[in-house]
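Shown next, in structure tokens, is the structure this report addresses.
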Amino acid sequence: MGIKTENRIKTKRNGEIEFWRAVFCMIVFIYHISLDFDSSTTIFKMGQIGVEFFFLISGLFMARSIDMKRDTESKEPLGIESLKFVIKKYVAFFPYHLFVFVAGFIFYIQRFDLHFLDFCEKVLFVIPQFFLVHLSGMISESKVVSVEWYLSGMLIAMLIMYPLIRKFYDMYVHIIAPLSGLAIMGMSYVKRGTILGAYQWDGITTWGVFRAIFLMNLGCIAYEISKYITAKKLTSFSKITLSLLCLFGYMATVFFVNFQLNEKVRYSLVLFLMFSVAVSFSGINFYGKIFDNGFCRYIGKLTLPMYLNTNIIRYILVHTGLTELRYRYFLIVAIALNFALSAVLMFVVEKIIRNKNLRKNKHTGKYSSV
């Protein structure tokens, strides 16, 4: 699948990927807030699949980022470059992380009648969580923002994977990613019977890190498949066939996660998603232009605060008695509340960043936009 530089995929945001990112964010959000209801009345009973989608596209975008650098020689040692890549990711979502972390910590300590030393102890306990390294195993009895295990697992996995992919790109995406992905999948299938889990210790680290590596490897494979598809001169029939198979992969996943099936079904759904993500990212879908608009890109950006706000929204819903509403009305209120909070939060964060860039550019004489 060696593709020349001129055939590489453009870096413009893919509206279709952003749309499905929003769909799977909503699925995992609804799954979490529905835990306070009788499961016989809820939807998306296997809704954790949304996190699998996030890991897939994280691996895909990491592979793309590295691929775009392959023809340029790094001016920095590989370790420094790798560390800077991960730190840049942390800084990108730090404003949202800071907001939900502070709110989550306030909600957490309200449950205790703490003296000064007790309070200091709680603060020290959650420092690994603040820096998002807690999935390495440094987990206190409290998880201030439980859904942030995804970010911690992603960052740790990137620290492991980035230097290897950067140094041995072809070997990694064609041999190491498929073999290590299959190895972790097989171990999980036989030993655990499920992909699920995050904080459980599993030999040398938590299962969440293994889960991240496994799924981000599939994302790397998806990127290579998308490159291959893009470089091919496909007939109209081939494009229509791939487009329909891509749509089937998404729709089948959304359909099946409504039911409490055997957990091993989730492995097949993840492979469906890997294929669909690869086709979507290639940009060959005949219906792709439907998603090529500002709205899809906006809701795609909104998924990070919406996902991170899950714990806050659930806390509000429970402590205001809104869980007493009928389930359908509860969902409407919960989704609207999360959308409003996330939109405001993203607006504030982007405005602060924009103003910071403007002040910086006044000194440098350069212009940049957010």
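Ordering of the structure tokens sets the chain letters (A, B, ...), residue numbers begin anew at 1 in every chain, and ligands are numbered from 1 in the order given.
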Problem set entry | Exercise: stretch 170-185 of chain A partners within 9 Å, only C-alpha atoms, chain neighbours under 5 positions left out, as a PyMOL selection string | chain A and resi 1-2+63+164-165+190+195+210-211+213-218+220-221+223-224+267
Got time to write the residues from that selection, N, CA and C atoms, as a compact mmCIF listing (two decimals), in the first residue's frame?
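Writing done, so here's again_24.txt:
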# COMPACT_ATOMS: atom_id res chain seq x y z
N MET A 1 0.82 -1.21 0.00
CA MET A 1 0.00 0.00 0.00
C MET A 1 0.85 1.26 0.00
N GLY A 2 2.06 1.16 -0.55
CA GLY A 2 2.91 2.34 -0.55
C GLY A 2 2.40 3.37 -1.54
N ALA A 63 -1.92 8.23 12.60
CA ALA A 63 -1.21 7.66 11.45
C ALA A 63 -1.10 8.67 10.32
N LEU A 164 7.26 4.41 17.48
CA LEU A 164 7.39 3.20 16.67
C LEU A 164 6.88 3.43 15.25
N ILE A 165 5.72 4.08 15.13
CA ILE A 165 5.17 4.35 13.80
C ILE A 165 6.07 5.32 13.05
N VAL A 190 -10.58 -14.50 24.44
CA VAL A 190 -10.49 -15.76 25.19
C VAL A 190 -10.51 -15.53 26.70
N ILE A 195 -14.53 -6.64 25.06
CA ILE A 195 -13.58 -5.53 24.89
C ILE A 195 -13.66 -4.58 26.08
N PHE A 210 -4.43 -1.36 27.06
CA PHE A 210 -4.44 -2.40 26.03
C PHE A 210 -5.57 -2.16 25.03
N ARG A 211 -6.72 -1.78 25.55
CA ARG A 211 -7.88 -1.50 24.70
C ARG A 211 -7.58 -0.36 23.74
N ILE A 213 -4.56 0.64 22.65
CA ILE A 213 -3.57 0.21 21.66
C ILE A 213 -4.22 -0.65 20.59
N PHE A 214 -5.04 -1.59 21.02
CA PHE A 214 -5.73 -2.49 20.09
C PHE A 214 -6.55 -1.69 19.08
N LEU A 215 -7.37 -0.77 19.56
CA LEU A 215 -8.29 -0.04 18.69
C LEU A 215 -7.57 1.02 17.86
N MET A 216 -6.55 1.64 18.43
CA MET A 216 -5.79 2.63 17.64
C MET A 216 -4.96 1.96 16.56
N ASN A 217 -4.55 0.72 16.80
CA ASN A 217 -3.90 -0.05 15.73
C ASN A 217 -4.88 -0.29 14.58
N LEU A 218 -6.14 -0.59 14.92
CA LEU A 218 -7.15 -0.75 13.87
C LEU A 218 -7.35 0.58 13.13
N CYS A 220 -4.99 2.77 12.57
CA CYS A 220 -3.84 2.87 11.64
C CYS A 220 -4.11 2.05 10.38
N ILE A 221 -4.67 0.86 10.57
CA ILE A 221 -5.01 0.01 9.42
C ILE A 221 -6.07 0.69 8.56
N TYR A 223 -6.55 3.81 8.18
CA TYR A 223 -5.93 4.89 7.42
C TYR A 223 -5.25 4.34 6.17
N GLU A 224 -4.53 3.24 6.30
CA GLU A 224 -3.85 2.65 5.15
C GLU A 224 -4.86 2.16 4.11
N TYR A 267 -16.84 -7.46 19.00
CA TYR A 267 -15.64 -7.57 18.19
C TYR A 267 -15.96 -7.41 16.70
Within 7 Å of stretch 142-153 of chain A, which residues of stretch 100-123 of chain A come that close, and what is the closest atom pair and distance in Å for each? Count only C-alpha atoms and give it as CSV.
residue,atom,partner,partner_atom,distance
A:Phe101,CA,A:Val145,CA,6.2
A:Gly104,CA,A:Val144,CA,5.2
A:Phe105,CA,A:Val144,CA,5.6
A:Tyr108,CA,A:Val144,CA,6.7
Exercise. Near A:Lys69, within 12 Å and counting only C-alpha atoms, which residues show up once chain neighbours fewer than 6 positions away are dropped, as an MDAnalysis selection string?
Worked result: chainID A and resid 5 8 62:63 75 81 165:167 169
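Here the question is which of A:Ile352, A:Leu60, A:Val51, A:Val257 gets nearest to A:Tyr162 using only C-alpha atoms, and that residue is A:Leu60.
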Could you give me, as JSON lines, every stretch 45-69 of chain A residue with an atom at most 12 Å from stretch 34-37 of chain A, plus its closest atom pair and distance in Å to one decimal, counting only C-alpha atoms, rows ordered by chain then number?
{"residue": "A:Lys45", "atom": "CA", "partner": "A:Ser34", "partner_atom": "CA", "distance": 8.7}
{"residue": "A:Met46", "atom": "CA", "partner": "A:Ser34", "partner_atom": "CA", "distance": 11.3}
{"residue": "A:Gly47", "atom": "CA", "partner": "A:Ser34", "partner_atom": "CA", "distance": 10.0}
{"residue": "A:Gln48", "atom": "CA", "partner": "A:Leu35", "partner_atom": "CA", "distance": 11.8}
For this session: Check the DSSP output for the backbone and give back, as a PyMOL selection string, the residues of stretch 148-355 of chain A in alpha helix (DSSP H).
Result: chain A and resi 149-167+169-171+177-187+207-231+236-256+265-282+294-308+310-319+327-355
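By only C-alpha atoms, and with residues fewer than 6 positions from A:Leu341 along its chain excluded, the set lying at most 12 Å from it is A:Tyr96, A:Phe99, A:Val100, A:Leu302, A:Thr303, A:Pro305, A:Met306, A:Tyr307, A:Leu308, A:Asn309, A:Thr310, A:Ile312, A:Ile313, A:Ile316, A:Ala334, A:Ile335, A:Phe347, A:Val348.
Residue nearest A:Leu159 within the list A:Phe330, A:Tyr228, A:Phe85, A:Phe237: A:Phe85 [criterion: smallest interatomic distance, only C-alpha atoms].
Atom CA of A:Ile127 is found 16.5 Å from atom CA of A:Val91.
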For this session: For A:Leu331, work out the shell of residues within 9 Å, counting only C-alpha atoms and skipping chain neighbours fewer than 4 positions away, then give it as a PyMOL selection string.
Result: chain A and resi 30+33-34+326-327+335-336
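For the pair atom CA of A:Val133 and atom CA of A:Arg266, the separation is 26.9 Å.
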Exercise. Can you tell me how far atom CA of A:Gly79 sits from atom CA of A:Lys360, in Å to one decimal?
Worked result: 28.3 Å
For this session: Might you pull out every residue within 8 Å of A:Ala198, with only C-alpha atoms counted and same-chain residues fewer than 6 positions away left off, and present them as a PyMOL selection string?
Result: chain A and resi 135+149+206-209+211
Problem set entry | Which residue of A:Asn338, A:Thr253, A:Asn258, A:Ser74 approaches A:Trp20 most closely, using only C-alpha atoms | A:Thr253
